[in-house]
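Below is one structure; the comments refer to it alone.
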Amino acid sequence: MTAISGDAPSAAATTETARQVEARLRGEIEGDVLFDEYTRHLFSRDASMYAIKPLGVVFPRHAGDVQAAVTAAAEAGIPVVPRGAGTSLAGQTIGPGLVLDLSRHMNRIVEIDAEGRTALVEAGVVQDQLNRAAAGHGLMFGPDTSTSNRATVGGMIGNNSAGSGSIRYGMTIDHVRELDVVLSDSATAHLAPVDEAVREHRAGLPTLEGRLYRELPRIVRENDAAIAGGMPQFWRRACGYRLDRLARPDAEFDLAKFVVGSEGTLVLATRALVDLVPKPARTVIAVGHFTSVAGAIAATEDALACDPSAVEMMDRTILDLSRKKIEYASLGSILEGDPEALLFVSFTGDDEKELIGRLERLTSLWKRHGHGYHTLQAVTPAQQGSLLKVRKSSLGLLMAASEGTRRPLAFIEDTAVDPVHLADYTRRFKQVLDRHGLNAGFYGHCSVGCLHIRPFVDTADPSQVATMRSVAEEIKDLVREYGGVNSSEHGDGLARSEFNREIFGDELYEAMRRVKGLFDPENRLNPGKIVDAPSMTDNLRDPALPPAGPLRTRLDFEVVGGMRGAADRCMNIGLCRKADAGTMCPSYMATLKEEDSTRGRANALVKALSEPDPHRALGDERLHEVLDLCLMCKACKSECPLGVDMATLKAESLAHHHDEHGIPRRSRVFASIRSLNRMGSATAPLSNLPGRIPFLRRLMDRWLGIAPARPLPVFVRGNLVRWFRRRGQAAGAPAPATGSVPPGSQGTVTYLADSFTTYTEPGIGRAAVELLELAGWRVALESRGCCGRSAFSKGLLDEAKDQARKLTRLLSENSPAGSPVVGCEPSCLMTLRDEHRAMLPEDAAVADISGRVRQVEELLTEAVDDGRLRLAPDAWPASRRILYHGHCHQKAEVGTAATVELLKRIPGAEVVELDAGCCGMAGSFGFESEHYETSMTVGSDRLFPAISAEGDRTVVAASGVSCRQQIFHGTERNAWHPVELVRAALLTGSPATGGTGDESPATATEGEAPQ
């Protein structure tokens, strides 16, 4: 632990202090108190390059809890560090002592005053959360950060955050009216603008608050000249204390605005009254394509002449990285050529005609002045979706280029100069990097002269650390030369505070030190930030990690550093903390606990894998608790820009846990699901009785931990294998309907008879087989093996490997070379593409089969487009709505586009794809007693409400068996597999629908149970 002053305390003294403070806090506050080693490690990091382990972490429920924590910390002589989402890039939210996480519980929107255009919110409210609530009133919070889906209002106040729209809406400081705060002496205060009479009255109070009103004006008066001459003149700044705000002669005395940007070093904000602005009705975007970064920057002047709301630049580094990720790959399909840089120019307002006029004017200006070679005009939300997604994810995409400890680091990354100097400044900036042999990605806000430039540095190499420092000093001097600011939106933190004396000058810097001493005489509030800071090269994250201990893994981790390297790819940008879109991370969305985010789990694994005996550490029960709620949805593999694959990491961790503690009975049962399902089908309907008898359900709960409230799958005696054999497939497919394509004309396709639909929903497989045959394929059914998905998810990796090896051999030996392998259950089919390669990386057959895997929807869409499958124009009622929910593994590996396109081929169907995240079932997860409530909470977040809001005429479709089970359990509405819907839409005269024996999906109504 870093000492604040004097000698560092001994380990024994620190342990005793921690024990006493923890015991006291547990008895005094209503929130949560965690002092265990894993929690301390999780909160030792934010999105910066630094790491400092705290003494403990407190999760306050209200301002009273914050007061109690500050009091306890003061009496123990330890610091307090406030924290929101922990996405700070300069190290503001880490430090010794107590970390107060205000995001978990203090996240209520107290009131929105639409008439007054204000919102009263707690500090932990997320920016997008506020914007969703304000949107109903036609309003929004002005600052638009790229981290808006996880950044908290308290964090934005601490950093004085801005964003892409700052040219129009300014910075956070411009939108804060009043603050409720806790002072360093534990007293509460309400900060708001006051006139001179009120200030004088408060200055007479014999309290710390009284001293603030009494002494601050004196500091300002005594440093008038330093404030006027030492403050950087460029308006977009997030550095130092804002004494210039108090020096305005015509302004009220406003402590609320003064403490904005103080990074928790002066007060702890608990609640804020913020301004809201009208939300523009429309946005149009021009995307200029350029052959160089310099060319894009040069085009900024024309863009600013057209009154934009934002001008953003992205270089080739970001573009190339986006093309490698399924989540962002759609951008590539709408770009023209292969640009070296893009310039995004946004126009917002209510008059679409006027906005398009400005867009056309810019396009004309660029063409006239020779800027760029193409301008893409994105007018509709659909056209803008992929553009905005990639732009907001630039940081994460850049971080994905990390190689081991060589990472793009934020130590010079948000300097800003007046845009008129930006081209020349950037040129000289690049010269500094070139001289030191550093590469960097360029992106950011050209409209306000701020480019985010992150050089790749290995902080584990002392020589590169020295280079990093040299570059930081040169860039600091370059910024001053151009009259810019060293930090324009991300604050000082540990990365830049050291240079504040040089930037502001001795006199102004000493005035800032007086401010800190006035607010915080004992230096307990987030010390070491803004003033009296350590060296920028102290407390670096990567050098602090010990060498990874020896560990033999069952899976192949194709990154530098093996399993620890795979976990340590996480750079804590916190995208897994989003709660309103996408799938990652479903359990975090349910609990709002840091340890339940992908970031939290990755950091916990880094700690375990840094122990002297990582194999034993992976068996730690606290680590197991951290990993427990991971649904293994694999969303992090695609949605995390760095591709942290927590599902694979958890599977490997479980295997080591089993080595230490043995394999639980339930895990063995679920790992044998294919055998159990086959037996259940063979003994149906008797095998379905346990699901209907309460006593047997209670016994299953007690013996296996299977939730009594969860309906069990219904086994079908006439399973897919029996149906396929009975129809005489071995002797050739049945005669085709009149006018259909001869079976076999397209070649052979192998259909994977998965462990689930084969025995519980065989109608899905029948529909798929019949459709493939009608499309001209000869179908071979492979039903003799299991993909190993269930064993893999339970950490039985040796068993899963054996199953993978057997199934791969069967598929390889019994299918024509190069022929496609398809299936209807995404979790099983995608296992052939992903997990098999992780388990058997050197197996040539695995590589061959994984490359032949295709979604059945792809083949059927091709058949419809080629005319081999004919769908009836009147098969569905006009404008019948299909609500489609994709499977998590499908989204992570290949995306849902093929399925959506197939559904769109159904005449008369309106297809709507839900952005409802994970269903919450996640295979066996939703059946497990201790996970049942979390499973239902995940489903209730977005999926259940979206489906329940639909009318009776809407048909629900879902690709995954778990999804269909969860949807029916949570909404009592039947969900159909997409191939069933297509089968029901065939022209009259085609073979009778396979279906499930139920009513046709085209006429299905609400409330039917899935077969």
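A note on labels: chains of the structure tokens are A, B, ... as shown, every chain counts residues from 1, and ligands are counted from 1 in their shown order.
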Hey, could you make a per-residue contact list for range 463-550 of chain A against range 67-74 of chain A with 9 Å as the cut-off, showing the nearest pair of atoms and its distance in Å to one decimal, counting only C-alpha atoms, sorted by chain and number, as CSV?
residue,atom,partner,partner_atom,distance
A:Glu522,CA,A:Ala74,CA,8.4
A:Arg524,CA,A:Ala74,CA,7.1
A:Leu525,CA,A:Val70,CA,8.8
Requested in this report: Pick out each residue of range 585-733 of chain A that DSSP on the backbone tags as helix (DSSP H, G or I); I need them as a ChimeraX atom specification.
Outcome: /A:586-591,594-596,598-609,614-617,621-628,635-639,646-661,665-671,673-682,686-691,694-704,720-726,729-731
Report task. Check the DSSP output for the backbone and give back, as a list in words, the residues of range 233-340 of chain A in strand (DSSP E). Result -> Phe253, Asp254, Leu268, Ala269, Thr270, Arg271, Ala272, Leu273, Val274, Asp275, Val277, Pro278, Arg282, Thr283, Val284, Ile285, Ala286, Val287, Gly288, His289, Phe290, Ala310, Val311, Glu312, Met313, Met314 and Asp315 of chain A
For range 157-223 of chain A against range 439-457 of chain A, with a cut-off of 9 Å and counting only C-alpha atoms, what is the closest atom pair and its distance in Å to one decimal for every residue that makes the cut, ordered by chain and number, as a tab-separated table?
residue	atom	partner	partner_atom	distance
A:Gly163	CA	A:His445	CA	7.9
A:Ser164	CA	A:His445	CA	6.1
A:Gly165	CA	A:Ser447	CA	8.8
A:Ser166	CA	A:Val448	CA	7.6
A:Ile167	CA	A:Val448	CA	6.4
Would you export the selected residues with N, CA and C atoms as a CSV table (one decimal), in the first residue's frame, please?
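Below is the file selection.csv, written as the result:
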chain,number,residue,atom,x,y,z
A,163,GLY,N,-17.2,15.4,-24.3
A,163,GLY,CA,-17.5,14.4,-25.3
A,163,GLY,C,-17.6,14.9,-26.7
A,164,SER,N,-18.1,14.2,-27.6
A,164,SER,CA,-18.1,14.6,-29.0
A,164,SER,C,-18.9,15.8,-29.2
A,165,GLY,N,-19.9,16.1,-28.4
A,165,GLY,CA,-20.7,17.3,-28.7
A,165,GLY,C,-20.3,18.5,-27.9
A,166,SER,N,-19.1,18.5,-27.4
A,166,SER,CA,-18.7,19.6,-26.5
A,166,SER,C,-18.7,21.0,-27.2
A,167,ILE,N,-18.5,20.9,-28.5
A,167,ILE,CA,-18.5,22.2,-29.3
A,167,ILE,C,-19.8,22.9,-29.1
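Remark: for Lys516 in chain A, the closest of the candidate residues A:Lys891, A:Lys529, A:Arg622, A:Lys578 is A:Lys529 (distances computed over only C-alpha atoms).
Separating CA of His887 in chain A from CA of Thr808 in chain A is a distance of 23.3 Å.
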